[in-house]
Every structure is written in C-alpha cells, then in structure tokens.
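> Let me give you the structure first, and then I'll get to my questions.
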Amino acid sequence: MRVVFEKPEAMTDSPMHYCPGCTHGVIHRLVAEAIDSLGIREQTIGVASVGCSVFAYDYFNVDMQQAAHGRAPAVATGIKRVLPDKMVFTYQGDGDLASIGMGEIVHAAARGENITVIFVNNAIYGMTSGQMAPTTLVGQKTATSPRGRSAAETGYPIRMCELLATLDGPSYLARVSSHDTKHIIQAGRAIKKAFEMQQQNKGFAMVEVLSTCSVNWGMTPAKSMEWLAENMIPYYPLGVYKDITAEEGK
C-alpha cells in the first residue's frame with residue numbers, strides 16, 4: 001500500500017485539547033509541515049507562551065521552552081543569541097502577543113532578532129473564558145464587552161502587521177487566514193517563508209494567522225468560519241506587509 005498522506009514528523013501523537021472548530025490544530029500542522037519540508041526538525045526550538053496554545057510543547061516533536069505570559073519573544077531572543085545555529089520560533093495568541101507581550105514583540109521586531117513568530121489572532125481571549133482582547137472588533141460581544149466593544153471606551157483593535165511594518169527591523173510580515181482550504185494553503189506557504197527568512201539570517205519574521213474561537217464566539221464551527229471571512233478579513237486585510245527579499249530583488 002502506498003502512503004499518500006501522513007502526520008508530519010514534527011508533530012507528536014498526543015491528542016489535542018482544542019475545542020471543535022478551533023483552527024489551532026490546523027496551524028500547528030502547517031508549522032510542522034514547514035519544519036519537515038525544510039529539514040530542520042533536529043535544529044528547531046519552539047517557545048510556547050500562555051494562552052490556548054500553552055500546551056504546544058505536547059504537540060510539536062521538537063525541543064520546546066515554556067515562557068511566561070507575553071514573554072516568548074524575549075525568551076526566544078535569549079535562546080537564539082546563545083544558540084545562533086538553532087531555528088527558534090514562538091507560537092502566540094493575540095491576548096498574549098498584542099496585550100501583555102506588546103513590549104516584547106515590538107522591541108524584538110525593532111532589533112531585527114533572527115526569530116520566527118507565529119501569531120494566532122482570533123480576536124478574543126480564548127483560554128480565560130472569552131474576554132475582550134486588543135484585537136476584538138468594534139461592536140464584537142465578549143465576556144467583558146457584553147454590549148459590544150466600544151471604540152470610545154476602549155479604543156480600536158490593533159493591527160499588528162501594520163504596526164510592525166513601520167519598523168526597520170522586520171524582514172517578513174504577512175497576514176493569512178485559516179478559514180478555508182485555499183487560505184490554509186496560502187498560510188502554509190507564508191509560514192514556510194518565515195522560517196526560510198530565519199534560515200537565511202534575514203532577521204525577524206512574523207506570520208499573523210486569522211483564526212476562530214467557536215465556543216467563545218458562541219457559534220457553530222461552520223458559522224465561525226463564515227464570521228471570520230465576513231468580519232475579520234475586512235478589518236485585518238490579508239497580504240504581505242513587508243518582505244525584504246522582494247525589495248532586494250527590485
């Protein structure tokens with residue numbers, strides 16, 4: 001019998017704890033596929049921060065380090081500077097990266113640290129029962145904005161790719177989505193590219209992946225995919241926000 005599809009070597013056999021309709025599992029697989037395709041599994045060190053993906057060390061078949069909430073870029077910086085020959089990536093949610101970890105991600109990007117960041121944006125705090133996040137859309141209802149987010153009271157959602165693109169340090173910034181097959185394939189290519197940038201010593205690379213949170217959004221998995229496409233993508237446009245290799249080729 002010919003095997004045509006199998007689990008990436010960079011993933012373990014551990015059953016995942018994610019809720020039905022959550023695309024963390026899909027994104028994990030894309031990261032693992034990128035690691036396998038580049039042949040870097042034995043060189044790779046992942047840094048898991050706090051959030052729904054806190055148990056990422058159970059799912060990736062690479063060396064993993066746990067970081068305090070929001071501090072994954074700082075931990076990854078330390079690991080990469082001590083072990084520059086290793087491939088180092090962080091895996092972070094929006095509540096982690098864009099709130100308590102805002103200082104760490106901005107300064108890691110500004111310094112051009114040669115790390116890869118996988119940023120999962122589901123517009124809500126998933127692990128802690130659905131509070132409003134820095135990425136929650138205006139009007140979106142959460143546990144702490146039951147009448148919908150008010151821009152007058154709490155400001156506007158933060159667009160991280162656009163914010164970091166104003167800095168000189170990043171080498172690659174892209175926003176992709178995980179809501180259907182076409183976009184998942186595109187997301188996989190962007191994630192691989194972000195690892196390639198590190199492999200080539202180009203500096204800081206981040207891929208923002210728009211994701212779902214069916215349970216805390218109060219939707220079925222199918223409806224959450226539709227909601228992402230109809231509501232998140234218009235506010236968080238997909239695309240490449242910075243690519244120094246494209247600029248170098250001009």
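Every chain in the structure tokens has a letter given in the order shown (A, B, ...), and although residue numbers restart at 1 in each chain, ligands are simply numbered from 1 in the order shown.
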Apply DSSP to the structure's backbone, then extract all residues of segment 68-240 of chain A labelled strand (DSSP E or B) and return them as number ranges by chain.

A: 87-93, 116-121, 125, 131, 138, 142, 145, 149, 172-177, 205-210, 239-240

> Restricted to C-alpha atoms, what would the selected residues look like written as a short mmCIF file (atom, residue, chain, number, x, y, z; two decimals), in the first residue's frame?


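Wrote it out as result.cif, contents follow:
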```cif
data_model
loop_
_atom_site.label_atom_id
_atom_site.label_comp_id
_atom_site.auth_asym_id
_atom_site.auth_seq_id
_atom_site.Cartn_x
_atom_site.Cartn_y
_atom_site.Cartn_z
CA MET A 87 15.92 27.63 14.35
CA VAL A 88 13.81 29.38 17.01
CA PHE A 89 10.10 30.15 16.76
CA THR A 90 7.41 31.45 19.07
CA TYR A 91 3.76 30.45 18.94
CA GLN A 92 1.50 33.13 20.45
CA GLY A 93 -2.12 34.24 20.63
CA THR A 116 10.17 33.37 13.56
CA VAL A 117 6.87 34.34 15.20
CA ILE A 118 3.57 32.56 14.57
CA PHE A 119 0.83 34.90 15.77
CA VAL A 120 -2.69 33.46 16.05
CA ASN A 121 -5.38 36.16 16.02
CA TYR A 125 -9.07 35.77 24.97
CA GLN A 131 -12.74 38.39 27.48
CA VAL A 138 -15.61 47.22 17.39
CA THR A 142 -17.28 39.28 24.62
CA SER A 145 -17.89 43.75 26.41
CA ARG A 149 -16.68 46.70 22.03
CA TYR A 172 8.99 39.47 6.64
CA LEU A 173 5.47 40.25 7.85
CA ALA A 174 2.38 38.55 6.47
CA ARG A 175 -1.25 38.09 7.44
CA VAL A 176 -3.06 34.94 6.35
CA SER A 177 -6.23 33.09 7.32
CA ALA A 205 9.76 37.34 10.60
CA MET A 206 6.13 37.10 11.71
CA VAL A 207 3.06 35.44 10.22
CA GLU A 208 -0.29 36.53 11.65
CA VAL A 209 -2.94 33.83 11.15
CA LEU A 210 -6.58 34.81 11.49
CA GLY A 239 -1.36 40.02 2.44
CA VAL A 240 2.38 40.53 2.77
#
```

> Mind dumping a table of every segment 183-219 of chain A residue within 7 Å of segment 9-24 of chain A, with the nearest atom pair and its distance in Å to one decimal, using only C-alpha atoms, sorted by chain and rising number, as a tab-separated table?


```
residue	atom	partner	partner_atom	distance
A:Ser211	CA	A:Thr23	CA	5.9
A:Thr212	CA	A:Cys22	CA	5.5
A:Cys213	CA	A:Cys22	CA	5.6
A:Ser214	CA	A:Gly21	CA	5.8
```

> Could those selected residues go to a file with C-alpha atoms, as a PDB file, in the first residue's frame?


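Final file, result.pdb:
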```
ATOM      1  CA  SER A 211      -8.285  32.053  13.452  1.00  0.00           C
ATOM      2  CA  THR A 212     -11.621  31.123  15.016  1.00  0.00           C
ATOM      3  CA  CYS A 213     -12.919  30.676  18.569  1.00  0.00           C
ATOM      4  CA  SER A 214     -16.278  28.993  18.059  1.00  0.00           C
TER       5      SER A 214
END
```

> Rank A:Leu38, A:Ala56, A:Leu164, A:Met1 by their smallest atom-to-atom distance to Gln198 of chain A, using only C-alpha atoms, and report the top residue only.

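Closest to Gln198 of chain A, using only C-alpha atoms: A:Leu38.
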
> Of the residues A:Val47, A:Val62, A:Ala74, A:Ile27, which is the one nearest to Ala109 of chain A, using only C-alpha atoms?

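Smallest distance to Ala109 of chain A is found for A:Ala74.
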
> I'd like the contact shell of Gly95 of chain A - 8 Å cut-off, only C-alpha atoms, skipping same-chain residues fewer than 4 positions apart - returned as a list in words.

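Answer for this query is Gly51, Ser99, Ile100, Ile124, Tyr125, Ala133, Pro134 and Thr135 of chain A.
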
> For N, CA and C atoms, I'd like the residues from the last selection saved as a PDB file, in the first residue's frame.


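File produced: out-v1.pdb:
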```
ATOM      1  N   GLY A  51      -1.759  30.872  26.941  1.00  0.00           N
ATOM      2  CA  GLY A  51      -2.975  31.049  26.167  1.00  0.00           C
ATOM      3  C   GLY A  51      -3.496  29.681  25.807  1.00  0.00           C
ATOM      4  N   SER A  99      -1.117  42.184  23.878  1.00  0.00           N
ATOM      5  CA  SER A  99      -1.502  42.843  25.134  1.00  0.00           C
ATOM      6  C   SER A  99      -0.319  42.839  26.086  1.00  0.00           C
ATOM      7  N   ILE A 100      -0.232  41.858  26.963  1.00  0.00           N
ATOM      8  CA  ILE A 100       0.841  41.834  27.954  1.00  0.00           C
ATOM      9  C   ILE A 100       2.210  41.710  27.284  1.00  0.00           C
ATOM     10  N   ILE A 124     -10.059  37.436  20.516  1.00  0.00           N
ATOM     11  CA  ILE A 124     -10.666  37.227  21.837  1.00  0.00           C
ATOM     12  C   ILE A 124      -9.655  36.501  22.738  1.00  0.00           C
ATOM     13  N   TYR A 125      -9.843  36.597  24.036  1.00  0.00           N
ATOM     14  CA  TYR A 125      -9.071  35.769  24.974  1.00  0.00           C
ATOM     15  C   TYR A 125      -9.758  34.413  25.043  1.00  0.00           C
ATOM     16  N   ALA A 133     -10.111  41.231  23.792  1.00  0.00           N
ATOM     17  CA  ALA A 133      -8.673  41.253  23.530  1.00  0.00           C
ATOM     18  C   ALA A 133      -8.301  42.538  22.801  1.00  0.00           C
ATOM     19  N   PRO A 134      -7.011  42.826  22.646  1.00  0.00           N
ATOM     20  CA  PRO A 134      -6.604  44.006  21.887  1.00  0.00           C
ATOM     21  C   PRO A 134      -7.073  43.954  20.430  1.00  0.00           C
ATOM     22  N   THR A 135      -7.396  42.750  19.949  1.00  0.00           N
ATOM     23  CA  THR A 135      -7.795  42.555  18.559  1.00  0.00           C
ATOM     24  C   THR A 135      -9.308  42.401  18.387  1.00  0.00           C
TER      25      THR A 135
END
```

> Residues near Gly126 of chain A, anyone? I mean within 7 Å using only C-alpha atoms, not counting same-chain ones fewer than 2 positions away, as a tab-separated table (two decimals) with C-alpha atoms, in the first residue's frame.


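Final output, out01.tsv:
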```tsv
chain	number	residue	atom	x	y	z
A	52	CYS	CA	-4.94	28.29	24.44
A	124	ILE	CA	-10.67	37.23	21.84
A	128	THR	CA	-9.78	32.50	30.05
A	129	SER	CA	-13.45	32.41	29.00
A	130	GLY	CA	-13.69	34.95	26.23
A	213	CYS	CA	-12.92	30.68	18.57
A	216	ASN	CA	-16.32	31.92	23.00
```

> Compile the contact shell of Glu196 of chain A as a PDB file with N, CA and C atoms, in the first residue's frame: residues with an atom at most 12 Å away, counting only C-alpha atoms, same-chain residues fewer than 3 positions apart removed.


```pdb
ATOM      1  N   ALA A  34       6.098  22.902   7.607  1.00  0.00           N
ATOM      2  CA  ALA A  34       7.191  23.791   7.202  1.00  0.00           C
ATOM      3  C   ALA A  34       8.520  23.296   7.755  1.00  0.00           C
ATOM      4  N   ILE A  35       8.524  22.889   9.008  1.00  0.00           N
ATOM      5  CA  ILE A  35       9.738  22.368   9.637  1.00  0.00           C
ATOM      6  C   ILE A  35      10.231  21.125   8.906  1.00  0.00           C
ATOM      7  N   SER A  37       9.535  20.165   5.768  1.00  0.00           N
ATOM      8  CA  SER A  37       9.931  20.423   4.377  1.00  0.00           C
ATOM      9  C   SER A  37      11.306  21.071   4.285  1.00  0.00           C
ATOM     10  N   LEU A  38      11.678  21.821   5.325  1.00  0.00           N
ATOM     11  CA  LEU A  38      12.989  22.464   5.343  1.00  0.00           C
ATOM     12  C   LEU A  38      14.072  21.578   5.974  1.00  0.00           C
ATOM     13  N   GLY A  39      13.647  20.441   6.521  1.00  0.00           N
ATOM     14  CA  GLY A  39      14.605  19.511   7.125  1.00  0.00           C
ATOM     15  C   GLY A  39      15.309  20.055   8.348  1.00  0.00           C
ATOM     16  N   ILE A  40      14.569  20.795   9.178  1.00  0.00           N
ATOM     17  CA  ILE A  40      15.198  21.488  10.311  1.00  0.00           C
ATOM     18  C   ILE A  40      14.694  20.990  11.674  1.00  0.00           C
ATOM     19  N   MET A  87      17.091  26.953  14.909  1.00  0.00           N
ATOM     20  CA  MET A  87      15.919  27.632  14.353  1.00  0.00           C
ATOM     21  C   MET A  87      14.924  27.830  15.498  1.00  0.00           C
ATOM     22  N   VAL A  88      14.624  29.073  15.828  1.00  0.00           N
ATOM     23  CA  VAL A  88      13.810  29.377  17.007  1.00  0.00           C
ATOM     24  C   VAL A  88      12.503  30.053  16.577  1.00  0.00           C
ATOM     25  N   PHE A  89      11.389  29.522  17.070  1.00  0.00           N
ATOM     26  CA  PHE A  89      10.105  30.152  16.759  1.00  0.00           C
ATOM     27  C   PHE A  89       9.264  30.293  18.015  1.00  0.00           C
ATOM     28  N   ASN A 114      16.637  37.493  14.867  1.00  0.00           N
ATOM     29  CA  ASN A 114      16.507  36.467  13.831  1.00  0.00           C
ATOM     30  C   ASN A 114      15.688  35.276  14.348  1.00  0.00           C
ATOM     31  N   ILE A 115      14.399  35.545  14.577  1.00  0.00           N
ATOM     32  CA  ILE A 115      13.472  34.520  15.064  1.00  0.00           C
ATOM     33  C   ILE A 115      12.224  34.537  14.181  1.00  0.00           C
ATOM     34  N   THR A 116      11.428  33.485  14.296  1.00  0.00           N
ATOM     35  CA  THR A 116      10.171  33.368  13.560  1.00  0.00           C
ATOM     36  C   THR A 116       9.018  33.380  14.549  1.00  0.00           C
ATOM     37  N   SER A 171      12.028  41.478   8.705  1.00  0.00           N
ATOM     38  CA  SER A 171      12.374  41.075   7.340  1.00  0.00           C
ATOM     39  C   SER A 171      11.147  40.593   6.579  1.00  0.00           C
ATOM     40  N   TYR A 172      10.179  40.035   7.307  1.00  0.00           N
ATOM     41  CA  TYR A 172       8.991  39.473   6.644  1.00  0.00           C
ATOM     42  C   TYR A 172       7.801  39.553   7.588  1.00  0.00           C
ATOM     43  N   ARG A 189       2.327  28.385   2.984  1.00  0.00           N
ATOM     44  CA  ARG A 189       3.444  28.966   2.221  1.00  0.00           C
ATOM     45  C   ARG A 189       4.082  30.128   2.980  1.00  0.00           C
ATOM     46  N   ALA A 190       3.236  30.947   3.611  1.00  0.00           N
ATOM     47  CA  ALA A 190       3.763  32.097   4.356  1.00  0.00           C
ATOM     48  C   ALA A 190       4.577  31.639   5.563  1.00  0.00           C
ATOM     49  N   ILE A 191       4.099  30.625   6.264  1.00  0.00           N
ATOM     50  CA  ILE A 191       4.816  30.111   7.431  1.00  0.00           C
ATOM     51  C   ILE A 191       6.165  29.527   7.016  1.00  0.00           C
ATOM     52  N   LYS A 192       6.182  28.791   5.929  1.00  0.00           N
ATOM     53  CA  LYS A 192       7.463  28.259   5.444  1.00  0.00           C
ATOM     54  C   LYS A 192       8.417  29.398   5.092  1.00  0.00           C
ATOM     55  N   LYS A 193       7.891  30.443   4.444  1.00  0.00           N
ATOM     56  CA  LYS A 193       8.718  31.591   4.072  1.00  0.00           C
ATOM     57  C   LYS A 193       9.319  32.251   5.313  1.00  0.00           C
ATOM     58  N   GLN A 199      16.375  31.068   8.343  1.00  0.00           N
ATOM     59  CA  GLN A 199      17.420  30.186   7.825  1.00  0.00           C
ATOM     60  C   GLN A 199      18.473  30.983   7.063  1.00  0.00           C
ATOM     61  N   GLN A 200      18.026  32.031   6.393  1.00  0.00           N
ATOM     62  CA  GLN A 200      18.925  32.878   5.594  1.00  0.00           C
ATOM     63  C   GLN A 200      19.491  34.062   6.388  1.00  0.00           C
ATOM     64  N   ASN A 201      19.231  34.057   7.710  1.00  0.00           N
ATOM     65  CA  ASN A 201      19.729  35.120   8.594  1.00  0.00           C
ATOM     66  C   ASN A 201      19.241  36.512   8.189  1.00  0.00           C
ATOM     67  N   LYS A 202      17.994  36.583   7.746  1.00  0.00           N
ATOM     68  CA  LYS A 202      17.427  37.858   7.306  1.00  0.00           C
ATOM     69  C   LYS A 202      16.863  38.679   8.466  1.00  0.00           C
ATOM     70  N   GLY A 203      16.601  38.026   9.601  1.00  0.00           N
ATOM     71  CA  GLY A 203      16.065  38.768  10.740  1.00  0.00           C
ATOM     72  C   GLY A 203      14.630  38.402  11.075  1.00  0.00           C
ATOM     73  N   PHE A 204      14.004  39.233  11.866  1.00  0.00           N
ATOM     74  CA  PHE A 204      12.673  38.992  12.429  1.00  0.00           C
ATOM     75  C   PHE A 204      11.614  38.737  11.346  1.00  0.00           C
ATOM     76  N   ALA A 205      10.854  37.657  11.524  1.00  0.00           N
ATOM     77  CA  ALA A 205       9.760  37.342  10.601  1.00  0.00           C
ATOM     78  C   ALA A 205       8.530  36.936  11.405  1.00  0.00           C
ATOM     79  N   MET A 206       7.378  37.432  11.011  1.00  0.00           N
ATOM     80  CA  MET A 206       6.132  37.097  11.709  1.00  0.00           C
ATOM     81  C   MET A 206       5.012  36.807  10.712  1.00  0.00           C
ATOM     82  N   ASP A 243       8.529  42.398   3.014  1.00  0.00           N
ATOM     83  CA  ASP A 243       9.351  41.289   2.536  1.00  0.00           C
ATOM     84  C   ASP A 243      10.627  41.880   1.954  1.00  0.00           C
ATOM     85  N   THR A 245      13.214  40.470   0.892  1.00  0.00           N
ATOM     86  CA  THR A 245      13.763  39.749  -0.268  1.00  0.00           C
ATOM     87  C   THR A 245      13.142  40.285  -1.547  1.00  0.00           C
TER      88      THR A 245
END
```

> Of the candidates A:Glu104, A:Gly218, A:Arg81, A:Met127, which one gets nearest to Lys141 of chain A if we count only C-alpha atoms?

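With only C-alpha atoms as the atom set, the closest residue is A:Gly218.
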
> What is the distance between atom CA of Tyr241 of chain A and atom CA of Glu113 of chain A, in Å to one decimal?

17.7 Å

> In terms of the shortest atom-to-atom distance over only C-alpha atoms, which of A:Thr136, A:Glu33, A:Met219, A:Gln66 is closest to Gly155 of chain A?

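Comparing A:Thr136, A:Glu33, A:Met219, A:Gln66 against Gly155 of chain A, the winner is A:Thr136.
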
> From the set A:Gly103, A:Gly78, A:Pro8, A:Gly148, which residue has the shortest atom-to-atom contact distance to Ile45 of chain A, counting only C-alpha atoms?

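Distance minimum relative to Ile45 of chain A lands on A:Gly78.
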